[in-house]
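K.L.:
Have a look at this one.
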Amino acid sequence: MPLHAKKHHFIPQFLLRHFAGQRGKLVIHQVMSERRFNSSVGDVGHRNLGHSIYRPGQEPDHVSMEATMGNIEGEAATAVRELVQSRERAVPTHARHALAWLLALQRQRSRFLMHTVTKKIGAEDRGLSDEEIQTAMMGLISMHVIRPWLLRNDDDAYYKDQWNHLVSTLLSSDMHWSCYRPRGGGLLVSDNPVCLSGVVGTPPPEIPPAFFDHGVGIGFDNFRRLTVPLGSRLGVVISRDPQDASRLRVADFNRFTVFNSREFVAHAPEWPGTHPRLAQDLSELMMRQRMVAPAFLQDYAPGGRT
């Protein structure tokens, strides 16, 4: 019997549990098909040995990345638990830091991002194996997220070694954090909790304006807002506009979640019955996403190479 977990989750299970129904069940809507099915929290948002490292002449390392990612997730889980128990709109400083690092991890370990990077460097044309590609992707996560996170409180470390672009952006004075607490709940979750939308400054002229709400054509320096679904009754809005959170409806929040999804959208089995209007919206949003996504998914096939 293996001493390590085979399922490596790229979406934290603690996050999915905040959206699950009784017995930890979820309804999964796949983005690029009309397939819908029931699943347990532990069976969604993972790849078998997806965070393993393979080095020539050595046994595969199935635990190192998982262990450190688990530590980042653990700090965020504690922060989310505190936010769930609180009724405040303000997000405490320690929670901002914990969530910022989780979002940096989620962004970097996105399976879609790994797919696009693999295509950009021509990995398959260069004859790299699946194991070599995955090891390289884990190296990027280690370089850009894990090492800076480990050094974040080290007074002797160089600033450049502690720096992460997304974390620096989210914790800057330009960004306004607020808890989003819809009275009736109804929030959705997807494979991508880093939901970028809107644009500030001069928009890229070659990108259709509607694409910005899909997280396309914008970067860390020019997105307007980042919405994070943390539970069916809790989200966080991080925006350059301090009034953004008070203007958003649940339908708006869910729209950003669906439009930033690349693999699946999920909710509790009882959610359509308790939120019939939002369920109707979801059908329409999924249809729109399936129409638009092929323009930027670059042949992404969940469960494929990466």
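By order of appearance in the structure tokens: chains A, B, ..., then residues from 1 within every chain, and ligands from 1 in the order shown.
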Quick one: residues within 9 Å of Gln108 in chain A, only C-alpha atoms counted, chain neighbours fewer than 6 positions away excluded, as a PyMOL selection string?
P.N.:
chain A and resi 114+137+140-141+144-145
K.L.:
Determine, using only C-alpha atoms, which residues of range 36-90 of chain A have any atom at most 9 Å from an atom of range 95-107 of chain A, and tabulate each with its shortest atom pair and distance in Å to one decimal place, rows ordered by chain and then rising number, as a tab-separated table.
P.N.:
```
residue	atom	partner	partner_atom	distance
A:Met69	CA	A:Leu105	CA	7.8
A:Ile72	CA	A:Leu102	CA	6.2
A:Glu73	CA	A:Leu102	CA	6.3
A:Glu75	CA	A:Ala98	CA	5.8
A:Ala76	CA	A:Ala98	CA	4.9
A:Ala77	CA	A:Ala98	CA	8.6
A:Thr78	CA	A:Ala95	CA	8.5
A:Ala79	CA	A:Ala95	CA	5.0
A:Val80	CA	A:Ala95	CA	7.6
A:Glu82	CA	A:Ala95	CA	8.5
A:Leu83	CA	A:Ala95	CA	8.3
```
K.L.:
Apply DSSP to the backbone of this structure and, from range 113-216 of chain A, keep only the residues in strand (DSSP E); write these as a tab-separated table (two decimals) with N, CA and C atoms, in the first residue's frame.
P.N.:
```tsv
chain	number	residue	atom	x	y	z
A	176	HIS	N	-8.61	47.18	-2.45
A	176	HIS	CA	-9.56	47.25	-1.34
A	176	HIS	C	-10.20	45.88	-1.16
A	177	TRP	N	-10.07	45.33	0.05
A	177	TRP	CA	-10.58	44.01	0.37
A	177	TRP	C	-11.90	44.13	1.13
A	178	SER	N	-12.83	43.26	0.80
A	178	SER	CA	-14.10	43.25	1.51
A	178	SER	C	-14.72	41.86	1.46
A	179	CYS	N	-15.30	41.42	2.59
A	179	CYS	CA	-16.07	40.18	2.58
A	179	CYS	C	-17.39	40.43	1.86
A	180	TYR	N	-17.81	39.43	1.13
A	180	TYR	CA	-19.09	39.48	0.43
A	180	TYR	C	-19.97	38.41	1.04
A	189	VAL	N	-18.79	27.72	-7.02
A	189	VAL	CA	-17.34	27.55	-7.04
A	189	VAL	C	-16.95	26.91	-8.36
A	190	SER	N	-15.71	27.10	-8.76
A	190	SER	CA	-15.22	26.48	-10.00
A	190	SER	C	-13.80	25.97	-9.78
A	195	CYS	N	-10.74	34.79	-9.80
A	195	CYS	CA	-11.67	35.27	-10.81
A	195	CYS	C	-11.42	36.75	-11.12
A	196	LEU	N	-10.69	37.00	-12.19
A	196	LEU	CA	-10.39	38.37	-12.60
A	196	LEU	C	-11.50	38.89	-13.51
A	197	SER	N	-11.80	40.19	-13.36
A	197	SER	CA	-12.81	40.79	-14.23
A	197	SER	C	-12.58	42.29	-14.30
A	198	GLY	N	-13.04	42.87	-15.41
A	198	GLY	CA	-12.90	44.30	-15.61
A	198	GLY	C	-11.47	44.70	-15.93
A	199	VAL	N	-11.30	45.93	-16.36
A	199	VAL	CA	-9.98	46.43	-16.73
A	199	VAL	C	-9.88	47.89	-16.32
```
K.L.:
Between A:Gln134, A:Ser129, A:Gln243, A:Thr169, which is the closest to Val117 in chain A once you count only C-alpha atoms?
P.N.:
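Smallest separation from Val117 in chain A among the options: A:Gln134.
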K.L.:
For a quick check of understanding, using only C-alpha atoms, which of A:Arg225, A:Pro269, A:Tyr300, A:Gln162 has the smallest distance to Pro148 in chain A?
P.N.:
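Ranking A:Arg225, A:Pro269, A:Tyr300, A:Gln162 by distance to Pro148 in chain A, first place goes to A:Gln162.
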K.L.:
When you count only C-alpha atoms, which of these residues is closest to Val31 in chain A: A:Phe223, A:Trp149, A:Phe10, A:Phe259?
P.N.:
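Smallest distance to Val31 in chain A is found for A:Phe259.
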K.L.:
Run DSSP on the backbone and give me the residues of range 82-266 of chain A it puts in alpha helix (DSSP H), as a PyMOL selection string.
P.N.:
chain A and resi 82-85+93-108+111-120+130-141+147-150+159-162+165-170+244-247+250-259
K.L.:
Could you jot down the CA of Gln30 in chain A to CA of Arg290 in chain A separation for me, Å, one decimal place?
P.N.:
9.6 Å
K.L.:
Give me the residues within 10 Å of range 229-238 of chain A as a count of residues only, counting only C-alpha atoms and dropping any in the same chain fewer than 6 places off.
P.N.:
53
K.L.:
Nearest residue to Glu66 in chain A out of A:Ile11, A:Met143, A:Ala5, A:Ile207, using only C-alpha atoms?
P.N.:
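Nearest candidate to Glu66 in chain A out of A:Ile11, A:Met143, A:Ala5, A:Ile207: A:Ala5.
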K.L.:
In Å, how far is it from CA of Glu132 in chain A to CA of His8 in chain A?
P.N.:
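Taking CA of Glu132 in chain A as the start and CA of His8 in chain A as the end point, the length is 17.4 Å.
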K.L.:
For Tyr54 in chain A, which residue among A:Pro204, A:Gly139, A:Gly70, A:Gly219 is the nearest when counting only C-alpha atoms?
P.N.:
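Once distances to Tyr54 in chain A are computed over only C-alpha atoms, the minimum belongs to A:Gly139.
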K.L.:
Using only C-alpha atoms, which of the listed residues (A:Glu270, A:Gly201, A:Ala279, A:His62) sits closest to Gln22 in chain A?
P.N.:
A:Glu270
